[in-house]
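For reference, structure_3.cif is printed below; it contains mmCIF, C-alpha atoms.
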```
data_data
loop_
_atom_site.label_atom_id
_atom_site.label_comp_id
_atom_site.auth_asym_id
_atom_site.auth_seq_id
_atom_site.Cartn_x
_atom_site.Cartn_y
_atom_site.Cartn_z
CA GLY A 150 -7.33 5.05 -61.77
CA ASP A 151 -7.83 8.02 -64.06
CA SER A 152 -10.67 7.90 -66.56
CA ALA A 153 -11.85 10.08 -69.42
CA HIS A 154 -15.10 9.95 -71.34
CA ILE A 155 -16.57 11.06 -74.65
CA TYR A 156 -19.51 13.43 -74.80
CA SER A 157 -21.66 14.89 -77.55
CA VAL A 158 -23.14 18.36 -77.50
CA GLY A 159 -25.29 20.42 -79.84
CA MET A 160 -23.82 23.28 -81.86
CA ASP A 161 -25.75 25.67 -79.61
CA GLY A 162 -24.06 24.23 -76.53
CA GLY A 163 -27.16 22.36 -75.42
CA GLY A 164 -27.99 18.67 -75.23
CA LEU A 165 -24.79 17.56 -73.49
CA ARG A 166 -24.72 13.76 -73.45
CA ARG A 167 -22.16 11.32 -72.09
CA LEU A 168 -21.48 8.50 -74.55
CA THR A 169 -18.94 6.26 -72.79
CA GLU A 170 -18.95 4.71 -69.32
CA GLY A 171 -16.60 2.89 -66.98
CA ASP A 172 -13.08 3.51 -65.69
CA ALA A 173 -11.29 3.58 -69.04
CA VAL A 174 -9.68 6.48 -70.85
CA ASP A 175 -11.79 7.06 -73.98
CA LYS A 176 -10.47 9.75 -76.32
CA ALA A 177 -9.98 11.09 -79.86
CA PRO A 178 -13.51 10.57 -81.23
CA ASP A 179 -14.09 10.89 -84.97
CA TRP A 180 -17.45 10.82 -86.80
CA SER A 181 -17.92 8.69 -89.89
CA THR A 182 -18.93 10.78 -92.90
CA ASP A 183 -22.50 9.47 -92.86
CA GLY A 184 -22.82 10.16 -89.12
CA ALA A 185 -23.63 6.52 -88.35
CA TRP A 186 -20.52 5.74 -86.27
CA ILE A 187 -18.00 7.34 -83.95
CA ALA A 188 -14.52 5.83 -83.85
CA PHE A 189 -12.38 6.42 -80.78
CA SER A 190 -9.33 5.17 -78.88
CA SER A 191 -9.76 3.42 -75.54
CA ASP A 192 -7.69 1.48 -73.01
CA ARG A 193 -10.72 -0.38 -71.63
CA GLU A 194 -9.10 -3.73 -72.46
CA GLY A 195 -5.54 -2.80 -71.48
CA SER A 196 -3.56 -1.02 -74.18
CA PHE A 197 -5.12 1.68 -76.34
CA ASP A 198 -7.08 0.16 -79.21
CA LEU A 199 -9.59 1.52 -81.71
CA TRP A 200 -13.32 1.09 -81.07
CA ARG A 201 -16.50 2.32 -82.68
CA MET A 202 -19.96 3.13 -81.35
CA ARG A 203 -23.23 4.63 -82.47
CA PRO A 204 -23.80 8.37 -81.92
CA ASP A 205 -25.86 7.55 -78.82
CA GLY A 206 -23.06 5.43 -77.32
CA SER A 207 -24.63 2.06 -78.14
CA ASP A 208 -23.42 -0.87 -80.26
CA VAL A 209 -19.77 -0.62 -79.15
CA HIS A 210 -17.32 -2.74 -81.17
CA ARG A 211 -13.59 -3.26 -80.89
CA LEU A 212 -11.76 -2.59 -84.16
CA THR A 213 -8.12 -3.36 -83.28
CA ASP A 214 -6.46 -5.73 -80.83
CA HIS A 215 -2.74 -5.08 -80.58
CA PRO A 216 -0.31 -4.85 -77.63
CA GLY A 217 0.89 -1.51 -79.01
CA THR A 218 -1.10 1.72 -79.10
CA GLU A 219 -3.70 2.76 -81.68
CA LYS A 220 -4.97 6.33 -81.49
CA LEU A 221 -6.23 9.32 -83.47
CA PRO A 222 -8.68 7.51 -85.79
CA ALA A 223 -9.87 9.28 -88.97
CA TRP A 224 -12.65 7.82 -91.14
CA SER A 225 -12.26 7.72 -94.90
CA PRO A 226 -15.02 9.58 -96.79
CA ASP A 227 -16.54 6.29 -98.00
CA GLY A 228 -16.56 4.84 -94.47
CA ARG A 229 -14.61 1.74 -95.51
CA ARG A 230 -11.28 2.55 -93.86
CA ILE A 231 -9.84 4.35 -90.87
CA ALA A 232 -6.44 6.02 -90.82
CA PHE A 233 -4.80 6.04 -87.41
CA SER A 234 -1.55 6.51 -85.55
CA GLY A 235 -0.06 3.29 -84.24
CA ILE A 236 2.96 2.78 -82.03
CA ARG A 237 4.92 -0.27 -83.12
CA ASP A 238 8.42 -1.03 -81.84
CA GLY A 239 8.52 2.31 -80.05
CA ASN A 240 7.83 4.45 -83.14
CA THR A 241 4.61 6.22 -84.16
CA ASP A 242 3.48 5.62 -87.75
CA VAL A 243 0.35 6.06 -89.84
CA PHE A 244 -1.69 2.94 -90.59
CA LEU A 245 -4.89 2.13 -92.49
CA LEU A 246 -7.56 -0.21 -91.15
CA ASP A 247 -10.05 -1.94 -93.44
CA ILE A 248 -13.32 -1.93 -91.50
CA GLU A 249 -14.83 -4.98 -93.20
CA THR A 250 -11.82 -7.30 -93.02
CA GLY A 251 -9.94 -5.85 -90.06
CA ALA A 252 -6.73 -5.88 -92.10
CA GLU A 253 -4.12 -3.24 -91.31
CA SER A 254 -1.66 -1.71 -93.77
CA ARG A 255 1.26 0.50 -92.83
CA VAL A 256 1.59 3.86 -94.58
CA THR A 257 4.79 5.28 -93.06
CA THR A 258 8.05 3.61 -92.10
CA GLN A 259 10.53 6.42 -91.48
CA PRO A 260 12.40 6.41 -88.10
CA PHE A 261 10.60 9.49 -86.74
CA ALA A 262 6.98 9.99 -85.73
CA ASP A 263 4.14 10.33 -88.25
CA CYS A 264 0.73 11.22 -86.85
CA TYR A 265 -2.50 13.29 -87.04
CA ALA A 266 -3.54 11.74 -90.35
CA THR A 267 -6.74 12.88 -92.04
CA TRP A 268 -8.33 12.29 -95.45
CA SER A 269 -8.85 14.49 -98.46
CA PRO A 270 -12.56 14.89 -99.28
CA ASP A 271 -12.22 12.66 -102.36
CA GLY A 272 -10.51 9.92 -100.34
CA ARG A 273 -7.50 9.81 -102.62
CA ARG A 274 -4.95 11.31 -100.24
CA LEU A 275 -3.99 11.39 -96.61
CA VAL A 276 -2.34 14.38 -95.03
CA TYR A 277 -0.40 14.06 -91.79
CA ALA A 278 2.37 15.56 -89.65
CA ALA A 279 5.78 14.00 -90.26
CA GLN A 280 8.66 14.47 -87.86
CA ASN A 281 12.25 14.80 -88.97
CA ALA A 282 15.46 15.51 -87.05
CA THR A 283 14.44 19.10 -86.31
CA ASP A 284 10.67 19.61 -86.56
CA PHE A 285 7.29 18.41 -87.84
CA ASP A 286 6.16 19.15 -91.42
CA ILE A 287 2.90 18.49 -93.29
CA VAL A 288 3.00 15.62 -95.80
CA SER A 289 0.44 14.42 -98.35
CA TRP A 290 0.19 10.71 -99.20
CA ASP A 291 -1.39 9.37 -102.39
CA VAL A 292 -3.30 6.31 -101.18
CA GLN A 293 -3.44 4.53 -104.56
CA LEU A 294 0.10 5.27 -105.69
CA ALA A 295 1.59 4.91 -102.18
CA THR A 296 3.76 7.99 -102.67
CA GLY A 297 4.21 11.02 -100.46
CA SER A 298 5.08 14.68 -100.97
CA THR A 299 5.74 17.46 -98.49
CA LEU A 300 3.14 20.24 -98.52
CA VAL A 301 4.39 22.54 -95.75
CA ASP A 302 8.04 22.62 -94.70
CA THR A 303 9.31 25.45 -92.51
CA ALA A 304 11.82 25.81 -89.69
CA VAL A 305 9.10 25.32 -87.04
CA ASP A 306 6.58 22.61 -86.22
CA GLU A 307 3.33 22.18 -88.14
CA ALA A 308 0.68 19.69 -87.00
CA PHE A 309 -3.02 18.72 -87.05
CA PRO A 310 -3.66 19.35 -90.77
CA ALA A 311 -7.28 19.51 -91.96
CA TRP A 312 -8.56 19.87 -95.51
CA SER A 313 -11.61 22.01 -96.21
CA SER A 314 -14.68 20.11 -97.39
CA ASP A 315 -14.02 21.09 -101.02
CA GLY A 316 -10.33 20.15 -100.81
CA THR A 317 -9.11 23.57 -101.92
CA ARG A 318 -7.64 24.71 -98.60
CA LEU A 319 -5.63 23.24 -95.77
CA ALA A 320 -5.71 24.46 -92.17
CA TYR A 321 -3.08 23.45 -89.62
CA GLN A 322 -1.45 24.59 -86.41
CA TYR A 323 2.10 25.88 -86.32
CA GLU A 324 4.63 26.94 -83.71
CA THR A 325 5.07 30.69 -83.22
CA SER A 326 8.20 32.61 -82.27
CA ARG A 327 6.82 32.71 -78.70
CA GLY A 328 6.72 28.92 -78.55
CA THR A 329 2.91 28.81 -78.64
CA TRP A 330 0.60 27.37 -81.30
CA ALA A 331 -1.32 29.37 -83.91
CA ILE A 332 -3.52 28.51 -86.92
CA ALA A 333 -2.58 28.95 -90.57
CA VAL A 334 -4.40 28.24 -93.83
CA ALA A 335 -2.83 27.30 -97.16
CA ASP A 336 -4.07 26.18 -100.55
CA GLY A 337 -4.76 22.46 -100.83
CA ASP A 338 -1.32 21.87 -102.32
CA GLY A 339 0.41 23.69 -99.44
CA THR A 340 1.13 26.92 -101.31
CA ASN A 341 0.10 30.45 -100.27
CA ALA A 342 0.27 29.66 -96.56
CA ALA A 343 -0.73 32.54 -94.29
CA PRO A 344 -1.53 32.95 -90.59
CA LEU A 345 -5.25 32.84 -89.79
CA ILE A 346 -5.32 33.02 -85.99
CA GLU A 347 -2.39 34.07 -83.83
CA SER A 348 -3.36 35.21 -80.36
CA VAL A 349 -1.35 35.65 -77.17
CA GLY A 350 -2.56 32.22 -76.08
CA TRP A 351 -2.67 28.79 -77.69
CA ASP A 352 -4.71 28.05 -80.81
CA THR A 353 -4.76 24.39 -81.84
CA LYS A 354 -6.52 21.60 -83.76
CA PRO A 355 -8.42 23.42 -86.53
CA ALA A 356 -11.54 21.72 -87.89
CA TRP A 357 -13.65 22.75 -90.86
CA ARG A 358 -17.42 22.93 -91.00
CA PRO A 359 -19.03 21.81 -94.30
CA SER A 360 -19.41 25.49 -95.19
CA THR A 361 -15.57 25.72 -95.11
CA VAL A 362 -15.57 27.96 -92.04
CA VAL A 363 -12.70 27.02 -89.69
#
```
What is this structure when it is put down as structure tokens?
Amino acid sequence: GDSAHIYSVGMDGGGLRRLTEGDAVDKAPDWSTDGAWIAFSSDREGSFDLWRMRPDGSDVHRLTDHPGTEKLPAWSPDGRRIAFSGIRDGNTDVFLLDIETGAESRVTTQPFADCYATWSPDGRRLVYAAQNATDFDIVSWDVQLATGSTLVDTAVDEAFPAWSSDGTRLAYQYETSRGTWAIAVADGDGTNAAPLIESVGWDTKPAWRPSTVV
């Protein structure tokens, strides 16, 4: 059957290295903050579960074991938890996984999809894309208080939010009038949103470097 693998490569484009083997589909890798682990989603044991491995592909461990689907892992800044998208009862929601205990807690319960969760640099909030009856918006979730608030709400889809390393800005992709994706940046609270990249093609999945360059 089809397979997909995870690779690492240097910032200069050199040192390409394959990290996963076999016939599975391995996808959505995410580095832990300290660089010691890479979490990823894999169907190597049937359904898609979360796994982790060392940066050289060694020491592979299974993190979840559920008949549903677990995907899009995102490490917390302290490395103790992973936020992920899980499909339970046909709906996609955001969950938290405690690495030490293996316990899962559910963040979202609304009847539409919630996905693409990522952490604020201080670990106090999650930000994710929340679907409603018409589109996807960007929502912030206070982890301690278990309360959410909408940061970006327009008439088009917004997805793949990413906070800058200092937490002052938020990058995300949004749907253009042409039906393609472009990149916007807003303040960390969702205000002062403005297009950053809008080409004739597709611009997706922004990611910040520690220097805050997208």
**Request:** Could you list the residues chosen by the PyMOL selection byres ((chain A and resi 302) around 7) in this structure as a PyMOL selection string?
**Result:** chain A and resi 286-287+299-301+303
Please write as a PDB file with C-alpha atoms, in the frame of the given file the list of polymer residues whose atoms come within 7 Å of (-4.5, -5.6, -73.0), counting all atoms listed in the file and keeping to the coordinates of the file.
```pdb
ATOM      1  CA  GLU A 194      -9.100  -3.730 -72.460  1.00  0.00           C
ATOM      2  CA  GLY A 195      -5.540  -2.800 -71.480  1.00  0.00           C
ATOM      3  CA  SER A 196      -3.560  -1.020 -74.180  1.00  0.00           C
ATOM      4  CA  PRO A 216      -0.310  -4.850 -77.630  1.00  0.00           C
TER       5      PRO A 216
END
```
**Request:** Please work out which residues fall within 12 Å of (-26.9, 9.5, -88.3), coordinates as given in the file, with all atoms listed in the file counting, and return them as a list in words.
**Result:** Trp180, Ser181, Thr182, Asp183, Gly184, Ala185, Trp186, Ile187, Met202, Arg203, Pro204 and Asp205 of chain A
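Among the candidates A:Tyr321, A:Trp357, A:Phe197, A:Trp290, the one nearest to Val243 of chain A when counting all atoms listed in the file is A:Trp290.
Here atom CA of Thr218 of chain A is placed at a distance of 25.7 Å from atom CA of Gln293 of chain A.
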**Request:** Identify which of the residues A:Val288, A:Met160, A:Ala311, A:Val174 lies closest to Phe189 of chain A, counting all atoms listed in the file when measuring atom-to-atom distances.
**Result:** A:Val174
**Message:** Going by the chain IDs and residue numbers used in this file, which residues fall under the PyMOL selection byres ((chain A and resi 220-226) around 9)? Write them as a ChimeraX atom specification.
**Reply:** /A:176-183,187-191,197-199,218-219,227-236,264-272
**Message:** Quick check, in Å to one decimal: how far apart do atom CA of Leu168 of chain A and atom CA of Pro355 of chain A lie?
**Reply:**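 Here the two named atoms are 23.2 Å from each other.
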**Message:** Report, in Å to a single decimal, how far apart atom CA of Glu170 of chain A and atom CA of Gly217 of chain A are.
**Reply:**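 Straight-line distance from atom CA of Gly217 of chain A to atom CA of Glu170 of chain A works out to 22.9 Å.
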**Message:** With only C-alpha atoms as the counted atoms, please give the residues lying no more than 6 Å from Asp306 of chain A, apart from itself and same-chain residues fewer than 2 positions off, as an MDAnalysis selection string.
**Reply:** chainID A and resid 284:285 323:324
**Request:** Report as number ranges by chain the residues that result from applying the PyMOL selection byres ((chain A and resi 313) around 12) to the structure here.
**Result:** A: 267-271, 310-312, 314-321, 334-338, 355-363
**Complete:** Using all atoms listed in the file, the best pick from A:Ala282, A:Trp330, A:Gly206, A:Thr325 as closest to Arg166 of chain A would be A:Gly206
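Closest to Thr169 of chain A among A:Asp151, A:Ser254, A:Arg274, A:Arg201 is A:Arg201, based on all atoms listed in the file.
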**Message:** Nearest residue to Glu249 of chain A out of A:Leu212, A:Ala343, A:Gly297, A:Asp291, using only C-alpha atoms?
**Reply:** A:Leu212
**Message:** With only C-alpha atoms as the counted atoms, please give the residues lying no more than 12 Å from Val349 of chain A, apart from itself and same-chain residues fewer than 4 positions off, as a ChimeraX atom specification.
**Reply:** /A:325-331
Can segment 167-181 of chain A be brought up to N, CA and C atoms and written out as a compact mmCIF listing (two decimals), keeping the file's coordinate frame?
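Saved result, rebuild.txt, follows:
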```txt
# COMPACT_ATOMS: atom_id res chain seq x y z
N ARG A 167 -23.32 12.18 -72.28
CA ARG A 167 -22.16 11.32 -72.09
C ARG A 167 -22.36 10.03 -72.87
N LEU A 168 -21.36 9.64 -73.66
CA LEU A 168 -21.48 8.50 -74.55
C LEU A 168 -20.74 7.26 -74.07
N THR A 169 -19.71 7.41 -73.26
CA THR A 169 -18.94 6.26 -72.79
C THR A 169 -19.01 6.18 -71.27
N GLU A 170 -18.86 4.97 -70.75
CA GLU A 170 -18.95 4.71 -69.32
C GLU A 170 -17.73 3.92 -68.85
N GLY A 171 -17.65 3.73 -67.54
CA GLY A 171 -16.60 2.89 -66.98
C GLY A 171 -15.38 3.66 -66.54
N ASP A 172 -14.31 2.92 -66.23
CA ASP A 172 -13.08 3.51 -65.69
C ASP A 172 -12.00 3.71 -66.73
N ALA A 173 -12.30 3.48 -67.99
CA ALA A 173 -11.29 3.58 -69.04
C ALA A 173 -11.03 5.03 -69.43
N VAL A 174 -9.95 5.21 -70.18
CA VAL A 174 -9.68 6.48 -70.85
C VAL A 174 -10.16 6.35 -72.29
N ASP A 175 -11.23 7.05 -72.63
CA ASP A 175 -11.79 7.06 -73.98
C ASP A 175 -11.51 8.43 -74.59
N LYS A 176 -10.92 8.47 -75.78
CA LYS A 176 -10.47 9.75 -76.32
C LYS A 176 -10.46 9.74 -77.84
N ALA A 177 -10.18 10.90 -78.40
CA ALA A 177 -9.98 11.09 -79.86
C ALA A 177 -11.14 10.60 -80.69
N PRO A 178 -12.38 11.02 -80.42
CA PRO A 178 -13.51 10.57 -81.23
C PRO A 178 -13.50 11.17 -82.63
N ASP A 179 -14.00 10.41 -83.59
CA ASP A 179 -14.09 10.89 -84.97
C ASP A 179 -15.36 10.34 -85.61
N TRP A 180 -16.20 11.21 -86.15
CA TRP A 180 -17.45 10.82 -86.80
C TRP A 180 -17.18 10.20 -88.17
N SER A 181 -17.91 9.15 -88.51
CA SER A 181 -17.92 8.69 -89.89
C SER A 181 -18.66 9.72 -90.73
```
